[in-house]
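Text of the file structure04.cif, holding mmCIF, C-alpha atoms and all ligand atoms:
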data_my_file
loop_
_atom_site.label_atom_id
_atom_site.label_comp_id
_atom_site.auth_asym_id
_atom_site.auth_seq_id
_atom_site.Cartn_x
_atom_site.Cartn_y
_atom_site.Cartn_z
CA MET Y 6 47.31 -14.22 -0.02
CA ALA Y 7 44.63 -16.53 1.49
CA GLN Y 8 43.91 -14.75 4.73
CA LEU Y 9 41.73 -11.67 4.80
CA GLU Y 10 41.76 -9.26 7.72
CA ALA Y 11 38.44 -7.85 8.95
CA GLU Y 12 39.13 -4.48 7.37
CA ASP Y 13 39.71 -6.13 3.96
CA ILE Y 14 36.63 -8.37 3.73
CA THR Y 15 34.28 -5.73 2.30
CA GLN Y 16 36.60 -4.91 -0.59
CA ALA Y 17 37.27 -8.61 -1.18
CA VAL Y 18 33.53 -9.28 -1.65
CA LEU Y 19 33.25 -6.35 -4.07
CA ASP Y 20 36.31 -7.53 -6.03
CA ARG Y 21 34.62 -10.91 -6.66
CA MET Y 22 32.09 -9.14 -8.90
CA THR Y 23 34.55 -8.13 -11.61
CA ASP Y 24 32.98 -10.69 -13.99
CA CYS Y 25 29.41 -9.53 -13.34
CA GLN Y 26 27.89 -8.59 -16.71
CA ASP Y 27 24.76 -6.89 -15.40
CA ALA Y 28 25.71 -3.28 -14.62
CA ARG Y 29 22.57 -2.43 -12.66
CA PHE Y 30 22.75 -5.63 -10.60
CA LYS Y 31 26.40 -4.91 -9.88
CA GLN Y 32 25.57 -1.38 -8.75
CA VAL Y 33 22.81 -2.63 -6.44
CA MET Y 34 24.90 -5.48 -4.98
CA THR Y 35 27.91 -3.20 -4.45
CA ALA Y 36 25.81 -0.75 -2.44
CA LEU Y 37 24.12 -3.60 -0.55
CA VAL Y 38 27.43 -5.18 0.47
CA LYS Y 39 28.91 -1.82 1.48
CA HIS Y 40 25.89 -0.79 3.56
CA ALA Y 41 25.41 -4.23 5.14
CA HIS Y 42 29.07 -4.41 6.16
CA ALA Y 43 28.96 -0.83 7.47
CA PHE Y 44 25.87 -1.74 9.53
CA ILE Y 45 27.62 -4.78 11.04
CA ARG Y 46 30.65 -2.65 11.90
CA GLU Y 47 28.56 0.20 13.33
CA VAL Y 48 26.50 -1.91 15.74
CA GLU Y 49 29.36 -4.37 16.44
CA ILE Y 50 26.89 -7.21 16.13
CA SER Y 51 27.52 -10.30 18.23
CA GLU Y 52 27.37 -13.81 16.75
CA GLU Y 53 24.29 -14.54 18.85
CA GLU Y 54 22.54 -11.42 17.55
CA TRP Y 55 23.36 -12.34 13.97
CA ILE Y 56 21.94 -15.86 14.37
CA ASN Y 57 18.84 -14.32 15.95
CA ALA Y 58 18.50 -12.02 12.93
CA ILE Y 59 18.76 -15.01 10.59
CA MET Y 60 16.18 -16.93 12.65
CA PHE Y 61 13.89 -13.88 12.46
CA LEU Y 62 14.17 -13.74 8.65
CA THR Y 63 13.62 -17.51 8.46
CA ALA Y 64 10.45 -17.20 10.56
CA THR Y 65 9.32 -14.30 8.35
CA GLY Y 66 9.67 -16.48 5.26
CA LYS Y 67 7.91 -19.44 6.88
CA MET Y 68 4.94 -17.20 7.69
CA CYS Y 69 4.37 -16.43 4.00
CA ASP Y 70 1.77 -18.23 1.88
CA ASP Y 71 -0.67 -17.18 -0.84
CA LYS Y 72 -2.72 -15.17 1.67
CA ARG Y 73 -0.05 -13.89 4.04
CA GLN Y 74 3.02 -11.94 2.96
CA GLU Y 75 5.12 -11.34 6.04
CA PHE Y 76 8.06 -9.98 4.01
CA ILE Y 77 5.89 -7.23 2.50
CA LEU Y 78 4.75 -6.48 6.04
CA LEU Y 79 8.37 -6.25 7.18
CA SER Y 80 9.19 -3.89 4.31
CA ASP Y 81 6.04 -1.84 5.07
CA THR Y 82 6.59 -1.51 8.81
CA LEU Y 83 10.24 -0.51 8.35
CA GLY Y 84 9.12 2.31 6.03
CA ILE Y 85 10.94 0.75 3.07
CA SER Y 86 7.83 0.19 0.91
CA MET Y 87 6.74 3.80 1.35
CA LEU Y 88 10.26 5.07 0.69
CA VAL Y 89 10.34 3.13 -2.59
CA VAL Y 90 6.88 4.48 -3.56
CA ALA Y 91 7.75 8.08 -2.61
CA LEU Y 92 11.16 8.15 -4.35
CA ASN Y 93 9.71 6.66 -7.53
CA GLN Y 94 6.85 9.14 -7.54
CA ILE Y 95 9.28 12.05 -7.08
CA LYS Y 96 11.35 10.71 -9.99
CA ALA Y 97 8.26 10.36 -12.20
CA ALA Y 98 7.08 13.87 -11.22
CA LYS Y 99 10.46 15.36 -12.18
CA ALA Y 100 10.38 13.57 -15.55
CA PHE Y 101 6.81 14.80 -16.12
CA ALA Y 102 7.73 18.39 -15.14
CA SER Y 103 10.73 18.40 -17.46
CA SER Y 104 8.49 17.29 -20.34
CA GLY Y 105 6.19 20.28 -19.77
CA GLY Y 106 4.09 18.90 -16.91
CA GLY Y 107 0.35 19.31 -16.47
CA ALA Y 108 -1.93 22.05 -15.15
CA GLN Y 109 -2.88 19.96 -12.10
CA THR Y 110 -0.88 17.72 -9.79
CA PRO Y 111 -1.39 13.98 -10.20
CA THR Y 112 -2.89 11.78 -7.47
CA GLU Y 113 -0.28 10.74 -4.96
CA ALA Y 114 0.62 7.08 -4.57
CA THR Y 115 0.96 5.09 -1.38
CA VAL Y 116 1.75 1.51 -0.37
CA GLN Y 117 -0.12 -1.40 -1.94
CA GLY Y 118 0.02 -3.55 1.20
CA PRO Y 119 -0.41 -7.32 1.29
CA PHE Y 120 -4.18 -7.58 0.67
CA TYR Y 121 -4.41 -6.86 -3.06
CA TRP Y 122 -6.11 -9.78 -4.85
CA GLU Y 123 -5.97 -9.72 -8.62
CA GLY Y 124 -9.12 -10.52 -10.60
CA SER Y 125 -11.83 -9.05 -8.38
CA PRO Y 126 -15.35 -8.91 -9.88
CA GLU Y 127 -16.11 -6.26 -12.49
CA LEU Y 128 -19.24 -4.52 -11.28
CA PRO Y 129 -21.45 -1.77 -12.75
CA LEU Y 130 -21.15 1.77 -11.44
CA GLY Y 131 -23.25 2.25 -8.32
CA ALA Y 132 -22.94 -1.37 -7.12
CA ASP Y 133 -22.60 -2.04 -3.40
CA ILE Y 134 -19.61 -4.17 -2.34
CA GLY Y 135 -20.36 -3.79 1.38
CA THR Y 136 -23.71 -5.53 1.70
CA ASP Y 137 -23.90 -8.01 4.58
CA MET Y 138 -20.52 -6.91 5.87
CA PRO Y 139 -19.93 -5.24 9.24
CA GLY Y 140 -19.64 -1.48 8.89
CA GLU Y 141 -21.59 1.71 8.16
CA PRO Y 142 -22.57 2.21 4.52
CA ALA Y 143 -20.59 4.76 2.52
CA TYR Y 144 -21.17 6.16 -0.94
CA TYR Y 145 -17.95 6.88 -2.90
CA HIS Y 146 -18.07 9.10 -5.95
CA GLY Y 147 -15.93 11.43 -8.04
CA ARG Y 148 -14.15 11.74 -11.32
CA VAL Y 149 -10.98 10.58 -12.99
CA THR Y 150 -9.25 13.13 -15.18
CA ASP Y 151 -5.80 13.66 -16.62
CA THR Y 152 -3.55 16.42 -15.33
CA GLU Y 153 -5.16 18.88 -17.78
CA GLY Y 154 -8.59 18.18 -16.28
CA GLN Y 155 -9.79 16.11 -19.25
CA PRO Y 156 -12.08 13.25 -18.17
CA ILE Y 157 -10.79 9.70 -18.57
CA ALA Y 158 -13.59 7.41 -19.72
CA ASN Y 159 -13.54 3.66 -19.06
CA CYS Y 160 -10.80 4.07 -16.45
CA CYS Y 161 -10.61 1.13 -14.06
CA LEU Y 162 -10.83 1.65 -10.30
CA ASP Y 163 -9.77 -1.60 -8.66
CA VAL Y 164 -10.85 -1.06 -5.02
CA TRP Y 165 -10.44 -3.09 -1.85
CA SER Y 166 -10.74 -2.52 1.89
CA GLY Y 167 -11.26 -4.26 5.18
CA ASP Y 168 -14.74 -4.41 6.69
CA GLY Y 169 -16.11 -2.04 9.34
CA GLU Y 170 -14.07 -3.95 11.93
CA GLY Y 171 -10.87 -3.70 9.91
CA VAL Y 172 -10.81 -7.30 8.67
CA TYR Y 173 -9.94 -8.10 5.03
CA ASP Y 174 -11.53 -10.99 3.15
CA MET Y 175 -8.12 -12.70 3.01
CA GLN Y 176 -8.20 -12.84 6.80
CA MET Y 177 -11.76 -14.22 6.99
CA GLY Y 178 -10.98 -17.88 6.43
CA ASP Y 179 -10.83 -20.10 3.39
CA ASP Y 180 -14.54 -20.00 2.54
CA ALA Y 181 -14.96 -16.23 2.55
CA GLY Y 182 -13.86 -15.66 -1.05
CA MET Y 183 -13.61 -12.10 -2.35
CA ARG Y 184 -15.42 -9.49 -0.26
CA LEU Y 185 -15.32 -5.70 -0.25
CA ARG Y 186 -13.37 -5.58 -3.49
CA ALA Y 187 -14.35 -4.97 -7.11
CA ARG Y 188 -13.38 -3.25 -10.32
CA PHE Y 189 -15.44 -0.32 -11.57
CA HIS Y 190 -15.07 1.59 -14.84
CA THR Y 191 -15.71 5.30 -15.23
CA ASP Y 192 -18.49 6.52 -17.54
CA ALA Y 193 -17.96 8.70 -20.62
CA GLN Y 194 -17.49 11.81 -18.42
CA GLY Y 195 -14.91 10.08 -16.21
CA ASN Y 196 -17.35 9.69 -13.30
CA TYR Y 197 -17.31 6.79 -10.87
CA ARG Y 198 -19.61 5.83 -8.00
CA PHE Y 199 -20.00 2.81 -5.79
CA TRP Y 200 -21.12 1.81 -2.31
CA SER Y 201 -19.07 0.09 0.37
CA ILE Y 202 -18.53 0.66 4.07
CA LYS Y 203 -16.70 3.45 5.91
CA PRO Y 204 -13.35 1.82 6.69
CA THR Y 205 -12.04 1.80 10.22
CA TYR Y 206 -8.51 1.75 11.60
CA TYR Y 207 -7.06 -1.71 12.13
CA PRO Y 208 -3.84 -3.41 13.18
CA VAL Y 209 -1.59 -4.88 10.50
CA PRO Y 210 -1.27 -8.64 11.11
CA ASP Y 211 0.80 -8.72 14.30
CA ASP Y 212 0.65 -12.40 15.32
CA GLY Y 213 3.93 -13.20 13.53
CA PRO Y 214 7.59 -12.18 13.61
CA VAL Y 215 6.83 -8.63 12.41
CA GLY Y 216 4.36 -8.16 15.29
CA GLN Y 217 7.03 -9.32 17.73
CA MET Y 218 9.46 -6.85 16.18
CA LEU Y 219 6.95 -3.98 16.50
CA ARG Y 220 6.29 -4.73 20.17
CA ARG Y 221 10.01 -4.90 20.88
CA MET Y 222 10.46 -1.57 19.10
CA GLY Y 223 7.73 -0.09 21.36
CA ARG Y 224 5.42 0.52 18.38
CA HIS Y 225 1.68 0.07 17.84
CA PRO Y 226 0.55 -1.91 14.75
CA ASN Y 227 -2.36 0.30 13.65
CA ARG Y 228 -3.21 1.86 10.32
CA PRO Y 229 -5.74 4.70 10.03
CA GLY Y 230 -9.01 3.87 8.24
CA HIS Y 231 -8.58 3.78 4.46
CA ILE Y 232 -9.82 2.21 1.25
CA HIS Y 233 -7.32 1.04 -1.36
CA MET Y 234 -7.47 1.56 -5.08
CA LYS Y 235 -5.45 0.98 -8.20
CA VAL Y 236 -6.55 3.44 -10.86
CA TYR Y 237 -5.54 2.62 -14.42
CA ALA Y 238 -6.47 3.48 -17.98
CA PRO Y 239 -4.79 2.92 -21.34
CA GLY Y 240 -2.48 5.81 -22.26
CA HIS Y 241 -1.99 6.85 -18.63
CA GLN Y 242 0.32 5.94 -15.78
CA SER Y 243 -1.54 3.89 -13.20
CA VAL Y 244 -1.53 4.85 -9.54
CA THR Y 245 -1.83 2.59 -6.49
CA THR Y 246 -3.20 4.63 -3.65
CA HIS Y 247 -5.68 4.94 -0.74
CA LEU Y 248 -8.32 7.34 0.46
CA PHE Y 249 -7.82 7.94 4.18
CA VAL Y 250 -10.78 8.69 6.49
CA ALA Y 251 -10.28 12.25 7.77
CA ASP Y 252 -11.52 11.64 11.32
CA SER Y 253 -9.68 8.36 11.83
CA PRO Y 254 -7.29 7.70 14.71
CA PHE Y 255 -3.67 6.94 13.79
CA LEU Y 256 -3.42 9.35 10.83
CA ASP Y 257 -0.35 10.75 12.60
CA SER Y 258 1.28 7.40 13.32
CA ASP Y 259 0.38 4.98 10.50
CA ALA Y 260 2.26 1.73 11.18
CA VAL Y 261 3.43 1.67 7.54
CA PHE Y 262 4.09 5.42 7.06
CA GLY Y 263 1.68 5.63 4.10
CA VAL Y 264 -0.37 8.75 4.86
CA ARG Y 265 -0.32 11.62 2.33
CA ASN Y 266 -2.24 14.80 3.19
CA SER Y 267 -3.70 14.95 -0.32
CA LEU Y 268 -5.38 11.55 0.24
CA ILE Y 269 -7.20 12.44 3.48
CA VAL Y 270 -10.91 12.71 2.69
CA PRO Y 271 -13.81 13.86 4.89
CA PHE Y 272 -16.60 11.31 5.19
CA THR Y 273 -19.89 13.23 5.50
CA GLN Y 274 -22.56 11.64 7.67
CA HIS Y 275 -26.15 11.65 6.36
CA ALA Y 276 -29.48 10.85 7.95
CA PRO Y 277 -31.55 8.05 6.39
CA GLY Y 278 -33.22 9.13 3.15
CA LYS Y 279 -32.50 9.51 -0.54
CA ALA Y 280 -28.79 9.25 -1.39
CA PRO Y 281 -27.23 11.22 -4.29
CA ASP Y 282 -27.63 8.24 -6.65
CA GLY Y 283 -31.35 7.93 -5.81
CA ARG Y 284 -30.94 4.93 -3.51
CA VAL Y 285 -33.22 5.20 -0.51
CA MET Y 286 -31.32 4.47 2.68
CA ASP Y 287 -33.20 3.34 5.76
CA ALA Y 288 -30.12 3.78 7.96
CA PRO Y 289 -27.59 6.61 8.35
CA TYR Y 290 -24.81 6.53 5.76
CA HIS Y 291 -21.64 8.40 4.80
CA SER Y 292 -20.42 9.87 1.56
CA ALA Y 293 -16.91 10.56 0.36
CA THR Y 294 -15.92 12.33 -2.81
CA TYR Y 295 -12.51 12.34 -4.46
CA ASP Y 296 -11.23 13.17 -7.93
CA PHE Y 297 -8.28 11.17 -9.23
CA ARG Y 298 -5.77 12.64 -11.69
CA LEU Y 299 -3.57 10.44 -13.85
CA VAL Y 300 -0.38 11.38 -15.68
CA PRO Y 301 -0.24 10.60 -19.41
CA ALA Y 302 1.96 7.61 -20.23
CA ALA Y 303 5.52 8.58 -21.13
C1 LIG W 1 -3.06 -2.47 4.16
O1 LIG W 1 -3.35 -1.30 4.17
O2 LIG W 1 -3.86 -3.26 3.73
C2 LIG W 1 -1.74 -2.87 4.71
C3 LIG W 1 -0.62 -2.20 4.30
C4 LIG W 1 0.60 -2.56 4.81
C5 LIG W 1 0.68 -3.60 5.71
C6 LIG W 1 -0.46 -4.27 6.13
C7 LIG W 1 -1.69 -3.90 5.62
FE FE W 2 -5.44 -1.61 4.07
#
Give the structure from the file, written as structure tokens.
Ligand code: BEZ
Ligand code: FE
Amino acid sequence: MAQLEAEDITQAVLDRMTDCQDARFKQVMTALVKHAHAFIREVEISEEEWINAIMFLTATGKMCDDKRQEFILLSDTLGISMLVVALNQIKAAKAFASSGGGAQTPTEATVQGPFYWEGSPELPLGADIGTDMPGEPAYYHGRVTDTEGQPIANCCLDVWSGDGEGVYDMQMGDDAGMRLRARFHTDAQGNYRFWSIKPTYYPVPDDGPVGQMLRRMGRHPNRPGHIHMKVYAPGHQSVTTHLFVADSPFLDSDAVFGVRNSLIVPFTQHAPGKAPDGRVMDAPYHSATYDFRLVPAA
């Protein structure tokens, strides 16, 4: 029979996959087709609306280049990136618990976002990645341990943030190069320390299709102040996470749904003078301390 009625189309698409050899791909595509068709039926989408949706996705793709990833932004602002992160961390936590678990809970993960740039400079502990950038100086320090509290030496902290006005190097123009990002390695006791700026809240890039979508949804584009890090060491599961500034606006309405209570850190303000690492500051500065805990590799 050549003709398919509307109520038969979903099953017909699924039936075409009988020769699919990849079981996982088949499972994913089956669910995708079922949910996409159910969505079309539920909202009774018009042909004009569907073309508009395709034009929106086309514009989203056209906005992408090596410095701008509008599709990640779409995934982030629809809560999909954080859902993927959270579900995978729950799954990993269950697997860890069923293998005996650890005495302490591991550091929670959150979204990576579109501003990670691989290959940032490797700098010695204590270096300042915020010099000559807008923003108030901040001293970051703490320890990396495993979930039994054992220090992890030579653990890499790959950190990046926007400047004190919420602008990332990737948004600063072609000549800016890498700013406010570096890789640090913990010492033999698992300690890390470095200087940067106290991050401020900022809007996710909203001059493209995703920004238009947010405005039409009646949403603001802002993220609370945060610094990003990937923390990784041989023999341990890496974590991609942030530290959020405790007194920042928008902690309750992060545009990408990434806030975890365990990652909110007070930034203590200090008068000019000698900082904990001996550096003499001639201007007020902040300090933030946080201990990271990594799960042993499976
Ligand atoms: C960020 O925190 O860098 C970010 C995350 C998601 C979307 C846009 C920016
Ligand atoms: Fe960010």
With only C-alpha atoms and all ligand atoms counted, collect every polymer residue having an atom within 10 Å of ligand FE 2 (chain W); state the result as a ChimeraX atom specification. /Y:116-121,165-167,171-173,204-209,228-234,247,249
CA of Val250 in chain Y to CA of Met138 in chain Y, straight-line distance in Å: 18.4 Å
Which of these residues is nearest to ligand LIG 1 (chain W), using all atoms listed in the file: Y:Leu9, Y:Leu219, Y:Ala181, Y:Val261? Y:Val261
Give me, as a PyMOL selection string, all polymer residues having an atom no more than 12 Å from range 198-201 of chain Y, counting only C-alpha atoms and skipping those fewer than 6 positions away in the same chain. chain Y and resi 127-149+161-169+184-192+231-233+280-282+284+286+290-296
Would you pick out the contacts of range 95-110 of chain Y at 10 Å or less, using all atoms listed in the file, so that residues sharing its chain but fewer than 4 positions from it are not included, and give the list as a list of chain:residue names?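 Selected residues are Y:Val90, Y:Ala91, Y:Thr150, Y:Asp151, Y:Thr152, Y:Glu153, Y:Gly154, Y:Gln242, Y:Phe297, Y:Arg298, Y:Leu299, Y:Val300, Y:Pro301, Y:Ala302, Y:Ala303.
Here CA of Glu52 in chain Y stands at a distance of 26.6 Å from CA of Ile77 in chain Y.
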Of the candidates Y:Gly263, Y:Gly178, Y:Gly66, Y:Gly124, which shows the shortest atom-to-atom distance to ligand LIG 1 (chain W), using all atoms listed in the file? Y:Gly263
Neighbouring residues of Leu19 in chain Y were defined as those with any atom within 9 Å, considering only C-alpha atoms; residues of the same chain fewer than 4 positions away were excluded. Please report them as a PDB file with C-alpha atoms, in the coordinates of the input.
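To be explicit, this is the file written out as part05.pdb:
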ATOM      1  CA  ILE Y  14      36.630  -8.370   3.730  1.00  0.00           C
ATOM      2  CA  THR Y  15      34.280  -5.730   2.300  1.00  0.00           C
ATOM      3  CA  THR Y  23      34.550  -8.130 -11.610  1.00  0.00           C
ATOM      4  CA  MET Y  34      24.900  -5.480  -4.980  1.00  0.00           C
ATOM      5  CA  THR Y  35      27.910  -3.200  -4.450  1.00  0.00           C
ATOM      6  CA  VAL Y  38      27.430  -5.180   0.470  1.00  0.00           C
ATOM      7  CA  LYS Y  39      28.910  -1.820   1.480  1.00  0.00           C
TER       8      LYS Y  39
END
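Going from CA of Met60 in chain Y to atom C1 of ligand LIG 1 (chain W) covers 25.5 Å.
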Rank Y:Thr65, Y:Asn227, Y:Gln274, Y:Asn57 by their smallest atom-to-atom distance to ligand LIG 1 (chain W), using only C-alpha atoms and all ligand atoms, and report the top residue only. Y:Asn227
Considering all atoms listed in the file, can you say which of Y:Met22, Y:Ala64, Y:Val33, Y:Leu78 comes closest to ligand LIG 1 (chain W)?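 The shortest atom-to-atom distance to ligand LIG 1 (chain W) comes from Y:Leu78.
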